[in-house]
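With mmCIF, C-alpha atoms inside, this is data-v1.cif:
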```
data_structure
loop_
_atom_site.label_atom_id
_atom_site.label_comp_id
_atom_site.auth_asym_id
_atom_site.auth_seq_id
_atom_site.Cartn_x
_atom_site.Cartn_y
_atom_site.Cartn_z
CA MET A 6 0.00 0.00 0.00
CA PRO A 7 1.46 3.40 -0.97
CA ASN A 8 2.34 5.69 1.92
CA ASP A 9 1.40 9.36 2.17
CA ALA A 10 4.71 10.48 0.66
CA ASP A 11 4.18 8.25 -2.40
CA VAL A 12 0.62 9.50 -2.86
CA PHE A 13 1.73 13.11 -2.55
CA GLU A 14 4.63 12.61 -4.99
CA THR A 15 2.33 11.01 -7.60
CA LEU A 16 -0.21 13.83 -7.28
CA ARG A 17 2.52 16.45 -7.37
CA GLN A 18 3.91 15.01 -10.62
CA GLU A 19 0.43 14.95 -12.17
CA LEU A 20 -0.10 18.56 -11.14
CA ARG A 21 3.25 19.64 -12.59
CA ARG A 22 3.03 17.73 -15.89
CA GLY A 23 0.77 20.14 -17.74
CA SER A 24 2.38 23.22 -16.19
CA LEU A 25 5.86 22.25 -17.41
CA ILE A 26 4.86 22.63 -21.07
CA LEU A 27 3.50 26.08 -20.31
CA ALA A 28 6.73 27.03 -18.51
CA VAL A 29 8.92 25.71 -21.37
CA LEU A 30 6.91 27.50 -24.05
CA GLY A 31 6.95 30.68 -21.99
CA GLN A 32 10.71 30.51 -21.44
CA LEU A 33 11.33 29.93 -25.13
CA ARG A 34 9.95 33.31 -26.09
CA ALA A 35 13.69 34.00 -25.80
CA GLU A 36 16.11 31.68 -27.58
CA HIS A 37 17.80 28.96 -25.51
CA TYR A 38 19.70 25.74 -25.94
CA GLY A 39 18.84 22.83 -23.66
CA TYR A 40 21.24 23.49 -20.83
CA THR A 41 20.55 27.22 -20.52
CA LEU A 42 16.82 26.56 -20.80
CA ARG A 43 17.00 24.17 -17.86
CA LYS A 44 19.03 26.69 -15.87
CA ALA A 45 16.58 29.49 -16.67
CA LEU A 46 13.62 27.33 -15.66
CA SER A 47 15.42 26.27 -12.50
CA HIS A 48 16.19 29.91 -11.69
CA ALA A 49 12.46 30.64 -12.03
CA GLY A 50 11.69 27.75 -9.64
CA VAL A 51 10.70 25.13 -12.23
CA GLU A 52 12.95 22.08 -12.03
CA ILE A 53 12.93 19.70 -14.98
CA GLU A 54 15.18 16.72 -15.70
CA GLU A 55 17.06 16.67 -19.00
CA GLY A 56 15.52 13.24 -19.66
CA ALA A 57 12.07 14.86 -19.71
CA LEU A 58 13.04 18.19 -21.28
CA TYR A 59 14.72 17.07 -24.51
CA PRO A 60 11.99 14.66 -25.67
CA MET A 61 9.44 17.38 -24.83
CA LEU A 62 11.34 19.91 -26.97
CA ARG A 63 11.33 17.45 -29.90
CA ARG A 64 7.62 16.80 -29.50
CA LEU A 65 6.81 20.50 -29.37
CA GLU A 66 8.98 21.12 -32.43
CA ALA A 67 7.28 18.25 -34.31
CA GLN A 68 3.94 19.91 -33.43
CA GLY A 69 5.17 23.12 -35.00
CA LEU A 70 5.26 25.09 -31.74
CA LEU A 71 9.05 25.50 -31.69
CA THR A 72 11.78 26.09 -34.25
CA SER A 73 15.38 25.04 -33.77
CA GLU A 74 18.77 25.45 -35.37
CA TRP A 75 22.29 24.12 -34.75
CA ARG A 76 24.83 26.82 -34.12
CA GLU A 77 28.34 26.92 -32.71
CA GLU A 78 28.75 28.55 -29.32
CA GLU A 79 31.48 28.16 -26.69
CA ARG A 80 33.50 25.96 -29.10
CA ARG A 81 30.68 23.42 -29.49
CA ASN A 82 27.65 22.92 -31.72
CA LYS A 83 24.46 23.54 -29.81
CA ARG A 84 20.85 23.29 -30.77
CA PHE A 85 18.96 26.50 -30.10
CA TYR A 86 15.19 26.51 -29.65
CA ARG A 87 12.71 29.36 -29.94
CA LEU A 88 8.93 29.69 -29.90
CA SER A 89 7.49 29.67 -33.44
CA THR A 90 4.69 31.96 -34.62
CA ASP A 91 2.20 29.10 -34.21
CA GLY A 92 3.70 28.35 -30.80
CA ASP A 93 3.21 31.95 -29.76
CA ALA A 94 -0.48 31.78 -30.67
CA VAL A 95 -0.94 28.46 -28.85
CA LEU A 96 0.90 29.82 -25.82
CA GLY A 97 -1.49 32.78 -25.71
CA ARG A 98 -4.49 30.43 -25.66
CA LEU A 99 -2.88 28.17 -23.07
CA VAL A 100 -2.10 31.14 -20.82
CA ALA A 101 -5.75 32.24 -21.04
CA GLU A 102 -6.81 28.70 -20.12
CA TRP A 103 -4.28 28.57 -17.30
CA THR A 104 -5.36 31.93 -15.93
CA GLY A 105 -9.03 30.93 -15.97
CA LEU A 106 -8.29 27.58 -14.33
CA HIS A 107 -6.06 29.22 -11.74
CA ALA A 108 -8.77 31.75 -10.88
CA SER A 109 -11.37 28.99 -10.57
CA VAL A 110 -9.18 26.85 -8.32
CA GLU A 111 -8.30 29.92 -6.24
CA ALA A 112 -11.99 30.71 -5.84
CA ILE A 113 -12.73 27.14 -4.76
CA LEU A 114 -9.79 27.01 -2.34
CA GLY A 115 -10.64 30.44 -0.96
CA LYS A 116 -14.20 29.42 -0.07
CA GLN A 117 -14.98 28.63 3.51
CA PRO A 118 -16.05 24.99 3.83
CA MET B 15 37.02 9.27 -19.43
CA ASN B 16 35.76 10.30 -22.87
CA GLU B 17 35.49 6.64 -23.76
CA MET B 18 32.99 6.13 -20.91
CA ILE B 19 30.85 9.00 -22.27
CA GLU B 20 31.03 7.66 -25.81
CA ARG B 21 30.03 4.17 -24.63
CA TYR B 22 27.07 5.68 -22.79
CA LEU B 23 25.96 7.74 -25.79
CA ALA B 24 26.37 4.72 -28.09
CA ALA B 25 24.16 2.68 -25.75
CA VAL B 26 21.49 5.41 -25.90
CA GLY B 27 21.90 5.72 -29.67
CA ARG B 28 21.32 2.00 -30.27
CA GLU B 29 17.80 2.36 -28.85
CA LEU B 30 16.87 5.47 -30.85
CA PRO B 31 15.06 5.56 -34.19
CA ALA B 32 17.70 5.64 -36.95
CA PRO B 33 16.61 8.86 -38.72
CA GLU B 34 16.94 10.94 -35.55
CA ARG B 35 19.79 9.04 -33.88
CA ALA B 36 22.74 11.27 -34.79
CA ASP B 37 20.84 14.46 -34.02
CA ILE B 38 19.61 13.35 -30.60
CA VAL B 39 22.96 11.88 -29.59
CA ALA B 40 24.74 15.13 -30.59
CA GLU B 41 22.31 17.13 -28.45
CA LEU B 42 22.68 14.77 -25.46
CA ARG B 43 26.48 14.89 -25.82
CA ASP B 44 26.41 18.67 -25.67
CA GLU B 45 24.08 18.65 -22.66
CA PHE B 46 26.21 16.14 -20.79
CA LEU B 47 29.53 17.84 -21.57
CA THR B 48 28.08 21.22 -20.58
CA GLN B 49 26.94 19.74 -17.27
CA VAL B 50 30.39 18.24 -16.68
CA GLU B 51 32.14 21.50 -17.54
CA SER B 52 29.86 23.40 -15.20
CA ARG B 53 30.56 20.96 -12.38
CA GLU B 54 34.33 21.13 -13.06
CA ALA B 55 34.17 24.91 -13.00
CA ASP B 56 32.45 24.77 -9.60
CA LEU B 57 35.04 22.34 -8.24
CA GLY B 58 38.01 24.09 -9.89
CA ARG B 59 39.40 20.73 -11.13
CA PRO B 60 38.54 17.96 -13.60
CA LEU B 61 36.12 15.24 -12.45
CA ASP B 62 37.66 11.91 -11.48
CA VAL B 63 36.38 8.58 -12.76
CA ALA B 64 33.99 7.98 -9.84
CA GLU B 65 32.49 11.45 -10.20
CA MET B 66 32.07 10.98 -13.94
CA GLU B 67 30.32 7.67 -13.31
CA ALA B 68 28.02 9.41 -10.85
CA GLU B 69 27.18 12.04 -13.48
CA LEU B 70 26.32 9.33 -16.00
CA LEU B 71 24.20 7.48 -13.46
CA ALA B 72 22.32 10.68 -12.72
CA PHE B 73 21.78 11.23 -16.46
CA GLY B 74 19.76 8.02 -16.53
CA ASN B 75 19.63 4.44 -17.76
CA PRO B 76 20.32 4.47 -21.54
CA LEU B 77 17.18 2.44 -22.20
CA VAL B 78 15.01 4.91 -20.26
CA VAL B 79 16.68 7.99 -21.74
CA ALA B 80 16.21 6.66 -25.30
CA GLY B 81 12.71 5.36 -24.52
CA ARG B 82 11.43 8.85 -23.79
CA TYR B 83 12.01 9.80 -27.43
CA ARG B 84 9.77 7.02 -28.73
CA LYS B 85 6.42 8.08 -30.14
CA VAL B 86 4.76 5.07 -28.53
CA GLN B 87 5.07 5.38 -24.76
CA TYR B 88 2.49 2.75 -23.81
CA LEU B 89 0.86 -0.27 -25.43
CA ILE B 90 -2.70 0.25 -24.22
CA GLY B 91 -3.84 3.62 -22.91
CA PRO B 92 -6.55 4.53 -20.41
CA GLN B 93 -9.25 4.81 -23.11
CA VAL B 94 -8.73 1.29 -24.46
CA PHE B 95 -7.76 -0.37 -21.15
CA PRO B 96 -11.35 -0.96 -19.85
CA PHE B 97 -12.21 -2.77 -23.11
CA TRP B 98 -9.02 -4.83 -22.93
CA TRP B 99 -9.78 -5.82 -19.33
CA SER B 100 -13.40 -6.69 -20.11
CA ALA B 101 -12.36 -8.82 -23.12
CA VAL B 102 -9.69 -10.62 -21.07
CA LYS B 103 -12.18 -11.42 -18.28
CA ALA B 104 -14.83 -12.67 -20.74
CA THR B 105 -12.31 -14.83 -22.60
CA LEU B 106 -11.02 -16.33 -19.36
CA VAL B 107 -14.59 -17.28 -18.36
CA VAL B 108 -15.20 -18.95 -21.75
CA ILE B 109 -11.88 -20.86 -21.58
CA ALA B 110 -12.57 -21.86 -17.96
CA ALA B 111 -16.01 -23.12 -19.00
CA ILE B 112 -14.50 -25.17 -21.86
CA TYR B 113 -11.97 -26.88 -19.57
CA ALA B 114 -14.50 -27.27 -16.74
CA VAL B 115 -16.70 -29.25 -19.15
CA LEU B 116 -13.71 -31.41 -20.13
CA ILE B 117 -12.76 -32.01 -16.48
CA ILE B 118 -16.35 -32.93 -15.54
CA LEU B 119 -16.61 -35.29 -18.53
CA GLY B 120 -13.28 -36.81 -17.51
CA LEU B 121 -14.46 -37.34 -13.93
CA ILE B 122 -17.78 -38.87 -15.04
CA SER B 123 -16.00 -41.29 -17.33
CA GLY B 124 -13.37 -42.23 -14.78
CA GLY B 125 -10.63 -40.32 -16.56
CA HIS B 126 -11.29 -41.79 -19.98
CA VAL B 127 -12.55 -38.66 -21.68
CA SER B 128 -10.19 -35.89 -22.66
CA GLY B 129 -10.02 -33.19 -25.26
CA ALA B 130 -6.73 -34.50 -26.54
CA ASP B 131 -6.80 -32.24 -29.59
CA LEU B 132 -7.17 -29.03 -27.58
CA PRO B 133 -4.03 -27.18 -26.53
CA SER B 134 -3.26 -27.01 -22.82
CA PRO B 135 -5.23 -24.35 -20.92
CA VAL B 136 -2.02 -22.43 -20.23
CA VAL B 137 -1.24 -22.22 -23.96
CA LEU B 138 -4.83 -21.27 -24.82
CA VAL B 139 -4.94 -18.56 -22.14
CA GLY B 140 -1.54 -17.26 -23.33
CA VAL B 141 -2.64 -17.15 -26.98
CA ALA B 142 -5.99 -15.52 -26.11
CA PHE B 143 -4.27 -12.95 -23.86
CA GLY B 144 -1.74 -12.15 -26.60
CA ALA B 145 -4.41 -11.86 -29.30
CA ILE B 146 -6.61 -9.51 -27.23
CA THR B 147 -3.61 -7.40 -26.22
CA LEU B 148 -2.41 -7.19 -29.84
CA ALA B 149 -5.89 -6.21 -31.08
CA CYS B 150 -6.23 -3.50 -28.42
CA ALA B 151 -2.69 -2.24 -29.05
CA LEU B 152 -3.53 -1.92 -32.77
CA VAL B 153 -6.68 0.04 -31.92
CA GLU B 154 -4.59 2.25 -29.59
CA ARG B 155 -1.93 2.82 -32.26
CA PHE B 156 -3.86 2.98 -35.52
CA GLY B 157 -7.54 3.07 -34.60
CA ASN B 158 -9.75 5.60 -32.93
CA PRO B 159 -9.93 4.80 -29.19
CA ALA B 160 -12.60 7.47 -28.66
CA ARG B 161 -14.84 5.68 -31.15
CA LEU B 162 -14.49 2.49 -29.13
CA ALA B 163 -15.96 4.27 -26.13
CA ARG B 164 -19.07 5.50 -27.96
CA TRP B 165 -22.22 4.07 -26.47
CA ARG B 166 -25.96 4.56 -26.31
CA PRO B 167 -27.86 4.71 -23.03
CA GLU B 168 -30.81 2.82 -24.56
CA ARG B 169 -28.56 -0.18 -25.23
CA LEU B 170 -27.84 -0.76 -21.55
CA PRO B 171 -29.42 -3.92 -20.10
CA PRO B 172 -32.44 -3.40 -17.83
CA ALA B 173 -31.47 -2.59 -14.25
CA HIS B 174 -34.09 -5.05 -12.94
CA GLY B 175 -35.72 -8.17 -14.26
CA LYS B 176 -34.77 -11.78 -14.61
CA HIS B 177 -32.26 -12.16 -17.39
CA ALA B 178 -29.09 -14.15 -17.83
CA SER B 179 -25.98 -12.55 -16.36
CA ARG B 180 -22.85 -12.06 -18.46
CA PHE B 181 -21.20 -14.85 -16.48
CA GLU B 182 -24.03 -17.28 -17.29
CA LEU B 183 -24.00 -16.32 -20.96
CA LEU B 184 -20.22 -16.70 -21.20
CA THR B 185 -20.29 -20.07 -19.41
CA GLU B 186 -23.04 -21.30 -21.73
CA LEU B 187 -21.04 -19.98 -24.68
CA GLY B 188 -17.96 -21.93 -23.54
CA MET B 189 -19.94 -25.13 -23.17
CA GLY B 190 -21.60 -24.57 -26.55
CA ILE B 191 -18.19 -24.16 -28.17
CA VAL B 192 -16.94 -27.45 -26.63
CA PHE B 193 -20.03 -29.22 -27.94
CA LEU B 194 -19.72 -27.73 -31.43
CA LEU B 195 -16.03 -28.64 -31.63
CA TRP B 196 -16.78 -32.21 -30.57
CA TRP B 197 -19.84 -32.58 -32.78
CA THR B 198 -17.97 -31.40 -35.89
CA GLY B 199 -14.98 -33.63 -35.10
CA VAL B 200 -12.50 -30.84 -34.38
CA ILE B 201 -11.78 -32.38 -30.98
CA HIS B 202 -12.15 -36.03 -30.08
CA PHE B 203 -12.97 -37.69 -26.81
CA ARG B 204 -11.57 -41.15 -26.27
CA ASN B 205 -14.46 -43.55 -26.57
CA SER B 206 -12.70 -46.75 -25.63
CA VAL B 207 -11.29 -48.17 -22.44
CA PRO B 208 -8.73 -50.74 -23.67
CA ALA B 209 -7.82 -51.86 -20.14
CA ILE B 210 -11.25 -53.39 -19.62
CA GLY B 211 -12.09 -53.93 -23.28
CA LEU B 212 -14.97 -51.45 -23.52
CA ARG B 213 -15.85 -49.38 -26.58
CA ILE B 214 -18.70 -46.87 -26.90
CA GLU B 215 -19.94 -45.39 -30.19
CA LEU B 216 -22.92 -43.25 -31.16
CA ALA B 217 -25.76 -45.14 -32.81
CA GLN B 218 -27.19 -44.41 -36.27
CA VAL B 219 -29.91 -42.10 -34.90
CA TRP B 220 -27.37 -39.36 -34.11
CA THR B 221 -26.08 -39.44 -37.69
CA GLU B 222 -29.65 -39.03 -38.96
CA TRP B 223 -30.09 -35.97 -36.76
CA PHE B 224 -26.54 -34.63 -37.30
CA TRP B 225 -27.46 -31.45 -39.22
CA TRP B 226 -30.37 -30.58 -36.96
CA ILE B 227 -28.17 -30.86 -33.88
CA LEU B 228 -25.42 -28.89 -35.60
CA GLY B 229 -27.95 -26.19 -36.47
CA TYR B 230 -29.16 -26.11 -32.87
CA ALA B 231 -25.59 -25.70 -31.56
CA ILE B 232 -24.96 -22.80 -33.96
CA VAL B 233 -28.25 -21.12 -33.01
CA GLU B 234 -27.41 -21.48 -29.31
CA ILE B 235 -23.94 -19.94 -29.71
CA GLY B 236 -25.39 -17.19 -31.92
CA SER B 237 -28.17 -16.35 -29.47
CA ASN B 238 -25.69 -16.18 -26.57
CA LEU B 239 -23.45 -13.87 -28.60
CA ALA B 240 -26.48 -11.73 -29.47
CA ALA B 241 -27.47 -11.56 -25.80
CA LEU B 242 -23.93 -10.48 -24.89
CA ALA B 243 -23.80 -7.86 -27.66
CA ARG B 244 -27.30 -6.41 -27.18
CA PRO B 245 -28.43 -7.06 -23.60
CA ASP B 246 -31.05 -4.33 -24.04
CA ARG B 247 -33.06 -6.40 -26.54
CA VAL B 248 -34.64 -8.46 -23.78
CA SER B 249 -37.79 -9.37 -25.70
CA VAL B 250 -35.99 -10.37 -28.90
CA ILE B 251 -33.57 -12.53 -26.89
CA ARG B 252 -36.48 -14.18 -25.04
CA VAL B 253 -38.16 -15.01 -28.36
CA ILE B 254 -34.92 -16.51 -29.68
CA VAL B 255 -34.51 -18.59 -26.50
CA ILE B 256 -38.13 -19.83 -26.76
CA TRP B 257 -37.67 -20.95 -30.36
CA ARG B 258 -34.25 -22.35 -29.59
CA SER B 259 -35.64 -24.39 -26.69
CA LEU B 260 -38.55 -25.66 -28.80
CA LEU B 261 -36.08 -26.63 -31.51
CA GLY B 262 -33.98 -28.52 -28.95
CA ALA B 263 -37.03 -30.29 -27.55
CA GLY B 264 -38.25 -31.17 -31.06
CA ILE B 265 -34.89 -32.66 -32.01
CA LEU B 266 -34.74 -34.76 -28.86
CA ILE B 267 -38.38 -35.93 -29.30
CA GLY B 268 -37.26 -37.17 -32.72
CA VAL B 269 -34.13 -38.80 -31.30
CA ILE B 270 -35.94 -40.54 -28.44
CA GLN B 271 -38.06 -42.53 -30.92
CA ALA B 272 -34.96 -44.57 -31.84
CA ASP B 273 -34.39 -48.05 -30.42
CA GLN B 274 -30.70 -47.57 -29.87
CA PHE B 275 -28.62 -44.56 -28.83
CA LEU B 276 -25.20 -46.06 -28.17
CA ILE B 277 -23.28 -49.07 -29.48
CA VAL B 278 -21.40 -50.60 -26.56
CA SER B 279 -19.02 -53.37 -27.48
CA GLY B 280 -16.12 -55.41 -26.12
CA PRO B 281 -15.78 -58.39 -23.82
CA ALA B 282 -16.32 -56.28 -20.71
CA ALA B 283 -19.36 -54.42 -22.09
CA PRO B 284 -22.13 -54.19 -19.50
CA PRO B 285 -25.68 -55.08 -20.57
CA GLU B 286 -26.63 -52.66 -23.32
CA HIS B 287 -30.20 -52.15 -22.10
CA MET B 288 -28.77 -50.53 -18.93
CA PHE B 289 -27.01 -47.85 -21.03
CA GLU B 290 -30.08 -47.37 -23.20
CA THR B 291 -32.30 -46.85 -20.15
CA TRP B 292 -29.95 -44.20 -18.75
CA ILE B 293 -29.69 -42.38 -22.06
CA ARG B 294 -33.44 -42.54 -22.70
CA GLY B 295 -34.06 -41.16 -19.20
CA GLY B 296 -31.49 -38.42 -19.76
CA ILE B 297 -33.05 -37.41 -23.08
CA GLY B 298 -36.47 -37.36 -21.43
CA VAL B 299 -35.20 -34.99 -18.72
CA ALA B 300 -33.56 -32.78 -21.36
CA ILE B 301 -36.84 -32.54 -23.31
CA ALA B 302 -38.65 -31.54 -20.11
CA LEU B 303 -36.00 -28.91 -19.36
CA PHE B 304 -36.21 -27.48 -22.88
CA LEU B 305 -39.99 -27.22 -22.67
CA ALA B 306 -39.87 -25.74 -19.17
CA ARG B 307 -37.39 -23.10 -20.34
CA ALA B 308 -39.55 -22.22 -23.35
CA ALA B 309 -42.63 -21.96 -21.12
CA THR B 310 -40.80 -19.81 -18.53
CA GLU B 311 -39.48 -17.40 -21.15
CA ALA B 312 -42.91 -17.21 -22.81
CA TRP B 313 -44.48 -16.37 -19.44
CA ARG B 314 -41.84 -13.67 -18.79
CA LEU B 315 -42.42 -12.28 -22.27
CA ARG B 316 -46.10 -11.79 -21.47
CA GLN B 317 -45.38 -9.78 -18.33
CA PRO B 318 -46.04 -6.05 -18.83
CA PRO B 319 -42.79 -4.05 -19.22
CA SER B 320 -43.40 -2.08 -16.01
CA ALA B 321 -43.91 -5.32 -14.05
CA MET B 322 -40.73 -6.74 -15.59
CA ARG B 323 -38.79 -3.69 -14.51
CA VAL B 324 -40.05 -3.69 -10.97
CA ALA B 325 -40.70 -7.32 -10.19
CA GLY B 326 -37.80 -8.94 -12.00
#
```

Could you write out this structure as C-alpha cells?
Amino acid sequence: MPNDADVFETLRQELRRGSLILAVLGQLRAEHYGYTLRKALSHAGVEIEEGALYPMLRRLEAQGLLTSEWREEERRNKRFYRLSTDGDAVLGRLVAEWTGLHASVEAILGKQP
Amino acid sequence: MNEMIERYLAAVGRELPAPERADIVAELRDEFLTQVESREADLGRPLDVAEMEAELLAFGNPLVVAGRYRKVQYLIGPQVFPFWWSAVKATLVVIAAIYAVLIILGLISGGHVSGADLPSPVVLVGVAFGAITLACALVERFGNPARLARWRPERLPPAHGKHASRFELLTELGMGIVFLLWWTGVIHFRNSVPAIGLRIELAQVWTEWFWWILGYAIVEIGSNLAALARPDRVSVIRVIVIWRSLLGAGILIGVIQADQFLIVSGPAAPPEHMFETWIRGGIGVAIALFLARAATEAWRLRQPPSAMRVAG
C-alpha cells in the first residue's frame, strides 16, 4: 500500500506535468539551448530533468510550436530553440486557459467549507 | 574518461530511431559535456572517474533515456484499457467453461474422456491474452480509441428483471463451443477403455439428426453472442430462446423414438439395455428442461414491461 509520501509525490507530478509545457513555451519566447533553458527554468523555480526536457522539446517542435537550429557557441555545436509563430499563438491560448483555471481553483480554495 | 561517455551515448543511440539518432545523440552529448564543464568549473578541477560515473548514473539508464524519445510510450492507454480488461475477463470465463466441461466429462468417465486435440489451458490462455492485447494495441496505435468508447444509453441492459448474467451467458457460450467442436470432429474424446475392453460409439440415430443438432448448436452460440452484444433487446432474446428451446425439444423428441442410442461393445461391455435406459431417461429430462425453459421465457415475455422492470 502506498504511503502518504508516495501518494503526494504522484499527485505532485500529475499537477506539474501540464504546467511544465507552459513554462517551457513561456521561457522559449527567448532563444535557448537545452542546458541554458533548464538553468533558466530552475532559476524561475521550475525544475525539470534533462531526460524529460529534450523529448518534450522534440515533441513540441514536431507539433510546429518551436523552431530550432544548430549553431556553434562556446567551441561546441548547440541546438537552439525558440517559440514559433504558431507556438506563440498556442501559448497565448494556453495562458488564457491557465489563468481561468487558476482563478477557478483559487476561488474554490478560498471558499470557507 | 571520454570513452565512458562515448560508450554511454552509443548505448542510448542504439535504442533510438535511426533517422533521428545522430541528431539526438549530438544534443545529449552537448548537454552532458556542458553539465560536466559546469561541475568542473564549480570544483576548480577535472572530475575523477567515480564522479564521472556518478554524473552518467544521474543522467539516466540508456534504455530509459532513449525510450522517452519514442512516439509510442504505452501499449494500451486509459481509453482502451477498460475494453481490454473486459475482453480478457470474458475470454477467461469462456476458456474456464471449456476446460471445466472437459474435467467434468473426464471425472464422469473415470478419466477416460479428454479433449486430446485441444491445446493445454495455459497455452490457450496465453494465446488468447496475446491476441486480445495485440488487437487492443492496434486500436490504440492505428484506430480511434474514442470511437471504441461510444455508447448509447438505450442499449444498456435493464437494471431489474430476470435475465441471464454475463457470467451465465459466457459459461453457456464456452460449453456450446466445446459441444460444437466435438460434434464437428475438431476435438475427439476417447471412446474406448482398452484396459477393460470397452468401446462406446454413437448409434445411427445421431447421424440421422446430425445437421439438426449442428444447427441447434450454432443457433445457441449465436443467441448467446447476441445476448452479450445487445443485452437491451430483452424481448428479442427471449423469443430466440423460446424458439431455440422448442427446436432442442423437437430434435430430442425425434431422437428418443430410436431403439438404440449407443453401441457398446467389447468383452467387458455391460448389458446394453442398462445404457439405453440411462440415455433414454437423460433425453427425457432434457426434453422436459427445454420445454420448461420455453414456457418460462414465454411467461416472462407476457409480463407487462413495467412489471418486468419492478418485479424482475

Practice problem: Run through the PyMOL selection byres ((chain B) within 12 of (chain A)) on the given coordinates and return the selected residues as an NGL selection string. | Solution: :B and (26 or 30 or 34 or 37-52 or 72-85 or 87)

Self-check item: Interatomic distance (Å, one decimal) between CA of Ser47 in chain A and CA of Arg21 in chain A
Solution: 13.9 Å

Exercise. Take CA of Ala151 in chain B and CA of Tyr113 in chain B and report the distance between them in Å, one decimal.
Key: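 Those two atoms sit 28.0 Å apart.
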
Practice problem: Choose the residue, out of A:Ile53, A:Leu25, A:Val95, A:Ala108, that has the smallest atom-to-atom separation from Leu71 in chain A; count only C-alpha atoms. | Solution: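 For Leu71 in chain A, the nearest of the given residues is A:Val95.
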
Quiz item: Using all atoms listed in the file, which residues sit within 10 Å of Ser24 in chain A once same-chain residues fewer than 5 positions away are excluded, as a list in words?
Solution: Glu19, Val29, Val51, Leu99 and Trp103 of chain A

Could those selected residues go to a file with C-alpha atoms, as a PDB file, in the frame of the given file?
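So result-v6.pdb came out as:
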```
ATOM      1  CA  GLU A  19       0.430  14.950 -12.170  1.00  0.00           C
ATOM      2  CA  VAL A  29       8.920  25.710 -21.370  1.00  0.00           C
ATOM      3  CA  VAL A  51      10.700  25.130 -12.230  1.00  0.00           C
ATOM      4  CA  LEU A  99      -2.880  28.170 -23.070  1.00  0.00           C
ATOM      5  CA  TRP A 103      -4.280  28.570 -17.300  1.00  0.00           C
TER       6      TRP A 103
END
```

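Counting from CA of Ile118 in chain B, the distance to CA of Ser179 in chain B is 22.6 Å.
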
Quiz item: What do you get, as a list in words, if you spell out every residue that the PyMOL selection byres ((chain B and resi 172) around 9) selects here?
Solution: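 Selection result, ordered by chain and number: Arg169, Leu170, Pro171, Ala173, His174, Gly175, His177, Pro245, Asp246, Val248 and Arg323 of chain B.
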
Quiz item: So which residues touch range 309-311 of chain B within 8 Å, counting all atoms listed in the file, skipping near sequence neighbours fewer than 2 positions away, as a PyMOL selection string?
Solution: chain B and resi 252-253+255-256+305-307+313-315

Output, as AutoDock Vina command-line options, the centre and edge lengths in Å (one decimal) of the axis-aligned box that contains all listed atoms of range 92-107 of chain A with 6 Å of margin on each side.
```
--center_x -2.7 --center_y 30.2 --center_z -21.3 --size_x 24.7 --size_y 17.2 --size_z 31.1
```

Within 10 Å of (-18.9, -21.0, -27.3), all atoms listed in the file: residues as a CSV table (one decimal) with C-alpha atoms, in the frame of the given file?
```csv
chain,number,residue,atom,x,y,z
B,108,VAL,CA,-15.2,-19.0,-21.8
B,109,ILE,CA,-11.9,-20.9,-21.6
B,111,ALA,CA,-16.0,-23.1,-19.0
B,112,ILE,CA,-14.5,-25.2,-21.9
B,183,LEU,CA,-24.0,-16.3,-21.0
B,184,LEU,CA,-20.2,-16.7,-21.2
B,185,THR,CA,-20.3,-20.1,-19.4
B,186,GLU,CA,-23.0,-21.3,-21.7
B,187,LEU,CA,-21.0,-20.0,-24.7
B,188,GLY,CA,-18.0,-21.9,-23.5
B,189,MET,CA,-19.9,-25.1,-23.2
B,190,GLY,CA,-21.6,-24.6,-26.6
B,191,ILE,CA,-18.2,-24.2,-28.2
B,192,VAL,CA,-16.9,-27.4,-26.6
B,193,PHE,CA,-20.0,-29.2,-27.9
B,194,LEU,CA,-19.7,-27.7,-31.4
B,195,LEU,CA,-16.0,-28.6,-31.6
B,231,ALA,CA,-25.6,-25.7,-31.6
B,232,ILE,CA,-25.0,-22.8,-34.0
B,234,GLU,CA,-27.4,-21.5,-29.3
B,235,ILE,CA,-23.9,-19.9,-29.7
B,236,GLY,CA,-25.4,-17.2,-31.9
B,238,ASN,CA,-25.7,-16.2,-26.6
B,239,LEU,CA,-23.4,-13.9,-28.6
```

Exercise. Just say which residues the PyMOL selection byres ((chain B and resi 267) around 12) picks in this file, as a list in words.
Key: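 Applied to this file, the PyMOL selection byres ((chain B and resi 267) around 12) selects Val219, Trp223, Leu260, Leu261, Gly262, Ala263, Gly264, Ile265, Leu266, Gly268, Val269, Ile270, Gln271, Ala272, Arg294, Ile297, Gly298, Val299, Ala300, Ile301, Ala302, Phe304 and Leu305 of chain B.
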
Quiz item: From the list B:Lys103, B:Arg35, B:Arg155, B:Arg247, which residue is nearest Glu168 in chain B when using only C-alpha atoms?
Solution: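 Counting only C-alpha atoms, the residue closest to Glu168 in chain B is B:Arg247.
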
Quiz prompt | Nearest-residue call for Glu222 in chain B, choices B:Ile146, B:Arg28, B:Pro60, B:Phe275, using all atoms listed in the file | solution =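 When distances to Glu222 in chain B are compared using all atoms listed in the file, the smallest one comes from B:Phe275.
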
Quiz item: Taking all atoms listed in the file into account, which of A:Gly23, A:Ala35, A:Thr72, A:Ser89 comes nearest Glu102 in chain A?
Solution: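 Distance minimum relative to Glu102 in chain A lands on A:Gly23.
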